[in-house]
Amino acid sequence: MKTQISPAKNYLYELLKKKYHTSEIVRTQIDELREKNKEKITKEPQKSFVVKFKGQVIDTSFEKTLKIISKRLFIKGEIDNILTFKEQCLVESNITATVTEVEALVECLRKPHVVLHYKKGIEKGASNLLIIDETEQGQLGNFTPDYIHRNYITSAESYEKYTGRLGDYLILNGLPLTSEKIGRELRFNKIETKNKVFTTTGLKEIYINLHFISLILKLDLEQHYLKLRIFNTQENDINMVEEKIDALGFFADIFNHIATTNNSLLANESLFLDLMRLEHIIENNNWKAMPAYAGYIYSAANRLNSQFKLLEEYSLFLTYANCIEKFIARLSKKLSKHKPDIYNELENLTANYNELKKLQIVSNHPLLQSDYQELLNSFSKLLAYLDFLTIRNTKIETADSTHDAIELPGKSSKKFGSIVKKCIESIFSVTIEISSKPVFRQDQILKTGQEEDVQKLLIKFNENLEKLSKLKTITGRDAFLEARRCVPLLTSLSDTLDQLKELIKTIESNKDTPDPFGAIFAESNKFEILYKELSNWGILETSKDQESVQGILRNLQKLLFDKPLKESTYLEIINTIHSLEEFIISKNKSATAIILKLNQNPVFMTLIDIKTGIQNIAEKADQMRIIDTFKNEAEFFSYSAKELEDFLAQSVKFHEELRDTCYYKNIPEFEVIEKKFDRLINEVKNIEDRISSYTRNKDKKISREPNIQINYLKSSHLMRRNLEKAILLLQNQITQIEGFMHDIESNLYRQSFIHSGVATSVLFDQITYLLSNIDVRLIDLPKSAEDMFKESVSTIFHYQVGETFKEPKTEDIEDLMREIDRKAIIKEF
């Protein structure tokens, strides 16, 4: 047939010119089928098929149709080869594709397609074949092809070569695998022991157990967020209880002064830290460990000596300040009368300035250093200006004189030592308090700019001097007077440190020392003080009463001084304090005076406050745990205890089924098990989706550890730190596991039944490393969850060396191939 082409444009001819092999309608039909199955195909593994097509399958026309349609239709598959049996109207093709792709190909080929063939009369470079839909034949017009074929299939039969396990053998596309063949399949020359081998079923078992571990960690994470919510409500009460316990400590009285910045003359952070380290050992009566803490004892003694030196030096500063104010008063008086003779005042002030610079302890004190330097700076400026005034014209009022006479200051006849001596004698004969600063009359008329400058410098200097010489506490009291009142407390501490030094020598000499702390701290042990007061009030009438109260107080001291405060001891502390109350009330039911004394006793009332605080802590935890849900809050922070229990119950039920579905223990049933794994994977994802349905905003999520100093003896500090640190760790572990799961999923969707290679081996090493470093004891869930976690980890660790397989021997090949052929899956369409 001769091809005739109309000069007018023809739609089908234009397609050929553009090198298309299919019409728009055919392409649309194929694309719709491809998109329909796309998601399903990506999740299916590739397999090897032999497919036989029967029907109107004409020569190379059908072969080309098969290739063109499959190329556009397949996502993962491909046609390996095609063999046509013309006499039988049969075409046989080897195809590597997914099951869904083969089914879609058969569906597409069932529909009749018209194939237009052109050999002559078309442009060079154009297509010579075009597949169109039957409905498009009317568009041919004068565009006549050389010949037309109509192709379609009436039936098809697929022969799926077996892939999987056959006993201990690994079969891939109908052939038993050797280590050498697996090596080629996985791009190795040969599989060695170090290269792990996994089947798809084995990877699914790893994947589902890894997913379950992730689920347990997410439950643990939510449990920690709930605990953090509860802690936030308890924090103030915990702080109060810890402050009350600290008030019962052996060094509590001295800590009240040196551990705060209320009084600059008493604050001593270094001494506080040394004593705090010692107090913990003393509170636990661990006197045998004292030699190991000798450094802190000697350090505390040195810092205490520095404290005494500070008070001594500040007292000397006050003496100098009094002298300076007297000289400033004289200077102010002379300046107000415009007297130029200020040489003596300048010399005396200069001498005092030099003495102030020698007070190294005061000038280097952290809390006084800034103000003291400001004082010296203003003092030096004043002295410099006074020195300038001594070289002015002797007649200050003749400012217009053209020749100023310079008069060098003469040396004062009075020595500084005698002046200071008289000044001190005049002060101590009356009082050691500092006199008030000079008062400047506002109505004084300054006749020169220099005198006005001097007055400004004097005012600034007196402000700085008064700030230091009349030092106040934060509460507004006289700081030096308060510090002097604490001298007995400081000397008592000095005596205690000396006794501790002697105790160390006694311990090192192996001498017998029964209860040494009892003797050293008898006067500062609050529990002993309470016991003595109860005895003095006549409450302890018999030796039995004395032993009973001593036992209660001793047990209470041990519980409270076991720092940090532990939640497990709350109930015992409450009961012990309650038993002390009950004992006292039982002995004094009608003694109102005793009850009044107890209510005024600071130690007893501190114990009552501790009991009340711990009760509040426990009650708040109970109240939070009975709430059904927090989902009605504006922003999500945590699930309720009830919701977490429901999630855990679902996880337990899931794990019971997972435990009964084990591949490595039942390898022959791998196909049935793999189908169960597919169902279980969907179930565990559903549970995870319910847990992850609520997310936290950035301001509610813990994203980094707080940059605060931690006191490891404070439960309030440790609880927050431990909770936030655990949350950060869990979030990081969950993220890593989700990354591993994603990598395993990508392996599952590859074409091979066998998985290995460097990527999988490295991935598995990373998984085992992470799981090995998760401390299951830290999981804050019931023991059942811990056991489930361990079982899943154990299952994954079983695959550390990959899966074992048997090498086929030559004499077994024939029987093995017959068995493989019998397991082929034949499907008719």
# chains A, B, ... in the order shown; residues from 1 in each chain; ligands from 1
$ residues_around --residues "A:Ser794" --least-positions-apart "2" --cutoff "12 Å" --atoms "only C-alpha atoms" --output "tab-separated table (two decimals) with N, CA and C atoms, in the first residue's frame"
chain	number	residue	atom	x	y	z
A	205	GLU	N	11.66	-8.09	60.53
A	205	GLU	CA	11.66	-8.40	61.97
A	205	GLU	C	12.50	-7.38	62.73
A	206	ILE	N	13.65	-6.99	62.17
A	206	ILE	CA	14.47	-5.94	62.78
A	206	ILE	C	13.69	-4.63	62.83
A	209	ASN	N	10.71	-4.57	65.42
A	209	ASN	CA	11.19	-4.51	66.80
A	209	ASN	C	11.84	-3.16	67.10
A	210	LEU	N	12.50	-2.59	66.11
A	210	LEU	CA	13.07	-1.26	66.27
A	210	LEU	C	11.95	-0.24	66.44
A	213	ILE	N	10.66	-0.52	69.95
A	213	ILE	CA	11.57	0.14	70.88
A	213	ILE	C	11.36	1.65	70.85
A	659	ARG	N	5.53	-11.11	70.15
A	659	ARG	CA	6.33	-12.17	70.77
A	659	ARG	C	6.04	-13.53	70.14
A	662	CYS	N	7.84	-14.81	65.43
A	662	CYS	CA	9.30	-14.71	65.37
A	662	CYS	C	9.82	-15.45	64.15
A	664	TYR	N	13.24	-15.75	63.03
A	664	TYR	CA	14.48	-16.52	63.12
A	664	TYR	C	14.29	-17.84	63.88
A	768	THR	N	23.08	-1.37	66.71
A	768	THR	CA	23.50	-2.12	67.90
A	768	THR	C	24.27	-1.24	68.86
A	771	LEU	N	21.57	0.88	70.75
A	771	LEU	CA	20.79	0.07	71.69
A	771	LEU	C	21.65	-0.39	72.87
A	772	SER	N	22.93	-0.63	72.62
A	772	SER	CA	23.83	-1.05	73.71
A	772	SER	C	24.03	0.06	74.73
A	787	ASP	N	10.81	-5.20	80.42
A	787	ASP	CA	10.98	-6.57	79.88
A	787	ASP	C	10.71	-6.61	78.38
A	788	MET	N	9.66	-5.90	77.94
A	788	MET	CA	9.34	-5.87	76.50
A	788	MET	C	10.48	-5.21	75.72
A	789	PHE	N	11.03	-4.15	76.28
A	789	PHE	CA	12.15	-3.46	75.65
A	789	PHE	C	13.33	-4.42	75.49
A	790	LYS	N	13.64	-5.15	76.54
A	790	LYS	CA	14.77	-6.09	76.50
A	790	LYS	C	14.55	-7.17	75.45
A	791	GLU	N	13.31	-7.68	75.34
A	791	GLU	CA	13.03	-8.75	74.37
A	791	GLU	C	13.24	-8.26	72.94
A	792	SER	N	12.79	-7.05	72.65
A	792	SER	CA	12.96	-6.52	71.28
A	792	SER	C	14.43	-6.27	70.98
A	796	ILE	N	16.73	-8.10	67.98
A	796	ILE	CA	17.58	-7.37	67.02
A	796	ILE	C	19.03	-7.83	67.11
A	797	PHE	N	19.51	-8.03	68.34
A	797	PHE	CA	20.90	-8.47	68.53
A	797	PHE	C	21.14	-9.86	67.97
A	798	HIS	N	20.07	-10.64	67.80
A	798	HIS	CA	20.23	-11.97	67.21
A	798	HIS	C	20.77	-11.88	65.79
A	799	TYR	N	20.51	-10.73	65.14
A	799	TYR	CA	20.92	-10.55	63.75
A	799	TYR	C	22.28	-9.87	63.63
A	800	GLN	N	23.04	-9.83	64.70
A	800	GLN	CA	24.33	-9.13	64.66
A	800	GLN	C	25.26	-9.69	63.58
$ select_by_dssp --residues "stretch 770-824 of chain A" --states "alpha helix (DSSP H)" --output "PyMOL selection string"
chain A and resi 770-772+783-797+813-822
$ atom_distance --atom1 "atom CA of A:Gln88" --atom2 "atom CA of A:Asp146"
25.7 Å
$ residues_around --residues "stretch 58-68 of chain A" --least-positions-apart "5" --cutoff "10 Å" --atoms "only C-alpha atoms" --output "MDAnalysis selection string"
chainID A and resid 21:22 73 78:86 89:93 105:106 108:109 113:117 129:131 148:153
$ write_last_selection --atoms "C-alpha atoms" --output "PDB file, in the first residue's frame"
ATOM      1  CA  HIS A  21       5.153   6.405  19.363  1.00  0.00           C
ATOM      2  CA  THR A  22       1.772   6.775  21.074  1.00  0.00           C
ATOM      3  CA  LEU A  73       3.846   2.007  32.364  1.00  0.00           C
ATOM      4  CA  GLU A  78      11.660  -3.768  32.762  1.00  0.00           C
ATOM      5  CA  ILE A  79      11.315  -6.250  29.870  1.00  0.00           C
ATOM      6  CA  ASP A  80      14.312  -8.589  29.781  1.00  0.00           C
ATOM      7  CA  ASN A  81      13.575 -10.413  26.492  1.00  0.00           C
ATOM      8  CA  ILE A  82      10.682 -11.318  24.160  1.00  0.00           C
ATOM      9  CA  LEU A  83      10.104 -14.528  22.159  1.00  0.00           C
ATOM     10  CA  THR A  84       7.266 -14.797  19.604  1.00  0.00           C
ATOM     11  CA  PHE A  85       5.631 -18.100  18.530  1.00  0.00           C
ATOM     12  CA  LYS A  86       3.767 -16.963  15.429  1.00  0.00           C
ATOM     13  CA  CYS A  89      -0.343 -16.726  18.378  1.00  0.00           C
ATOM     14  CA  LEU A  90       1.791 -16.646  21.519  1.00  0.00           C
ATOM     15  CA  VAL A  91       4.381 -14.196  22.831  1.00  0.00           C
ATOM     16  CA  GLU A  92       6.555 -15.159  25.807  1.00  0.00           C
ATOM     17  CA  SER A  93       8.496 -12.524  27.756  1.00  0.00           C
ATOM     18  CA  LEU A 105       0.577  -4.519  31.906  1.00  0.00           C
ATOM     19  CA  VAL A 106      -1.872  -7.360  31.257  1.00  0.00           C
ATOM     20  CA  CYS A 108      -3.390  -2.446  29.461  1.00  0.00           C
ATOM     21  CA  LEU A 109      -2.731  -5.004  26.693  1.00  0.00           C
ATOM     22  CA  HIS A 113      -4.637  -0.893  20.088  1.00  0.00           C
ATOM     23  CA  VAL A 114      -4.207   0.119  16.471  1.00  0.00           C
ATOM     24  CA  VAL A 115      -0.593   0.216  15.283  1.00  0.00           C
ATOM     25  CA  LEU A 116       0.214   2.391  12.253  1.00  0.00           C
ATOM     26  CA  HIS A 117       3.371   1.458  10.330  1.00  0.00           C
ATOM     27  CA  LEU A 129       5.304   3.546  14.144  1.00  0.00           C
ATOM     28  CA  LEU A 130       2.376   5.032  16.058  1.00  0.00           C
ATOM     29  CA  ILE A 131       0.074   3.298  18.530  1.00  0.00           C
ATOM     30  CA  ILE A 148      -2.141  -1.305  10.021  1.00  0.00           C
ATOM     31  CA  HIS A 149      -2.149  -3.907  12.787  1.00  0.00           C
ATOM     32  CA  ARG A 150      -4.723  -4.338  15.521  1.00  0.00           C
ATOM     33  CA  ASN A 151      -3.144  -5.869  18.662  1.00  0.00           C
ATOM     34  CA  TYR A 152      -4.731  -7.153  21.864  1.00  0.00           C
ATOM     35  CA  ILE A 153      -4.493 -10.189  24.141  1.00  0.00           C
TER      36      ILE A 153
END
$ atom_distance --atom1 "atom CA of A:His578" --atom2 "atom CA of A:Ile520"
29.5 Å
$ residues_around --residues "A:Thr98" --least-positions-apart "2" --cutoff "9 Å" --atoms "only C-alpha atoms" --output "list in words"
Ile41, Thr42, Glu44, Pro45, Gln46, Lys47, Ser48, Lys76, Gly77, Thr96, Thr100, Glu101, Val102, Glu103 and Gln751 of chain A
$ write_last_selection --atoms "N, CA and C atoms" --output "short mmCIF file (atom, residue, chain, number, x, y, z; two decimals), in the first residue's frame"
data_model
loop_
_atom_site.label_atom_id
_atom_site.label_comp_id
_atom_site.auth_asym_id
_atom_site.auth_seq_id
_atom_site.Cartn_x
_atom_site.Cartn_y
_atom_site.Cartn_z
N ILE A 41 3.14 0.08 44.05
CA ILE A 41 4.33 -0.47 43.38
C ILE A 41 5.60 -0.15 44.16
N THR A 42 5.69 1.09 44.68
CA THR A 42 6.91 1.50 45.38
C THR A 42 7.17 0.66 46.62
N GLU A 44 6.37 -2.63 46.83
CA GLU A 44 6.50 -4.05 46.48
C GLU A 44 7.92 -4.35 46.01
N PRO A 45 8.42 -5.54 46.31
CA PRO A 45 9.74 -5.94 45.79
C PRO A 45 9.63 -6.39 44.34
N GLN A 46 10.71 -6.26 43.60
CA GLN A 46 10.75 -6.76 42.22
C GLN A 46 10.95 -8.27 42.23
N LYS A 47 10.31 -8.91 41.27
CA LYS A 47 10.45 -10.36 41.13
C LYS A 47 10.66 -10.70 39.66
N SER A 48 11.03 -11.93 39.44
CA SER A 48 11.30 -12.39 38.07
C SER A 48 10.10 -13.21 37.57
N LYS A 76 9.31 0.46 38.26
CA LYS A 76 10.53 -0.24 38.70
C LYS A 76 10.93 -1.35 37.73
N GLY A 77 9.95 -1.88 36.98
CA GLY A 77 10.20 -3.06 36.17
C GLY A 77 10.80 -2.77 34.80
N THR A 96 11.24 -8.52 34.68
CA THR A 96 11.61 -8.27 36.07
C THR A 96 10.80 -7.06 36.52
N THR A 100 2.23 -6.03 40.90
CA THR A 100 1.25 -5.02 40.45
C THR A 100 1.57 -4.52 39.05
N GLU A 101 2.84 -4.35 38.74
CA GLU A 101 3.24 -3.88 37.40
C GLU A 101 2.87 -4.91 36.34
N VAL A 102 3.06 -6.18 36.62
CA VAL A 102 2.69 -7.22 35.66
C VAL A 102 1.17 -7.23 35.45
N GLU A 103 0.41 -7.13 36.53
CA GLU A 103 -1.05 -7.11 36.43
C GLU A 103 -1.53 -5.90 35.62
N GLN A 751 14.76 -4.21 44.95
CA GLN A 751 14.27 -5.35 44.21
C GLN A 751 14.73 -6.68 44.78
#
$ residues_around --residues "A:Trp537" --least-positions-apart "6" --cutoff "10 Å" --atoms "only C-alpha atoms" --output "PyMOL selection string"
chain A and resi 593-594+597
$ closest_atom_pairs --of "stretch 542-635 of chain A" --to "stretch 687-707 of chain A" --cutoff "12 Å" --atoms "only C-alpha atoms" --output "JSON lines"
{"residue": "A:Phe630", "atom": "CA", "partner": "A:Tyr694", "partner_atom": "CA", "distance": 11.1}
{"residue": "A:Lys631", "atom": "CA", "partner": "A:Tyr694", "partner_atom": "CA", "distance": 8.7}
{"residue": "A:Asn632", "atom": "CA", "partner": "A:Tyr694", "partner_atom": "CA", "distance": 11.8}
{"residue": "A:Glu633", "atom": "CA", "partner": "A:Tyr694", "partner_atom": "CA", "distance": 11.8}
{"residue": "A:Ala634", "atom": "CA", "partner": "A:Asn697", "partner_atom": "CA", "distance": 10.9}
{"residue": "A:Glu635", "atom": "CA", "partner": "A:Arg696", "partner_atom": "CA", "distance": 7.3}
$ write_last_selection --atoms "C-alpha atoms" --output "compact mmCIF listing (two decimals), in the first residue's frame"
# COMPACT_ATOMS: atom_id res chain seq x y z
CA PHE A 630 -4.77 18.04 79.82
CA LYS A 631 -5.87 18.31 76.18
CA ASN A 632 -8.24 21.17 77.02
CA GLU A 633 -5.25 23.42 77.71
CA ALA A 634 -4.37 26.12 75.16
CA GLU A 635 -0.95 24.56 74.46
$ atom_distance --atom1 "atom CA of A:Lys456" --atom2 "atom CA of A:Asn354"
22.3 Å
$ closest_residue --among "A:Ile585, A:Val26, A:Ile539, A:Leu170" --to "A:Thr135" --atoms "only C-alpha atoms"
A:Val26
$ closest_residue --among "A:Lys244, A:Arg679, A:Gln360, A:Lys161" --to "A:Glu819" --atoms "only C-alpha atoms"
A:Lys161
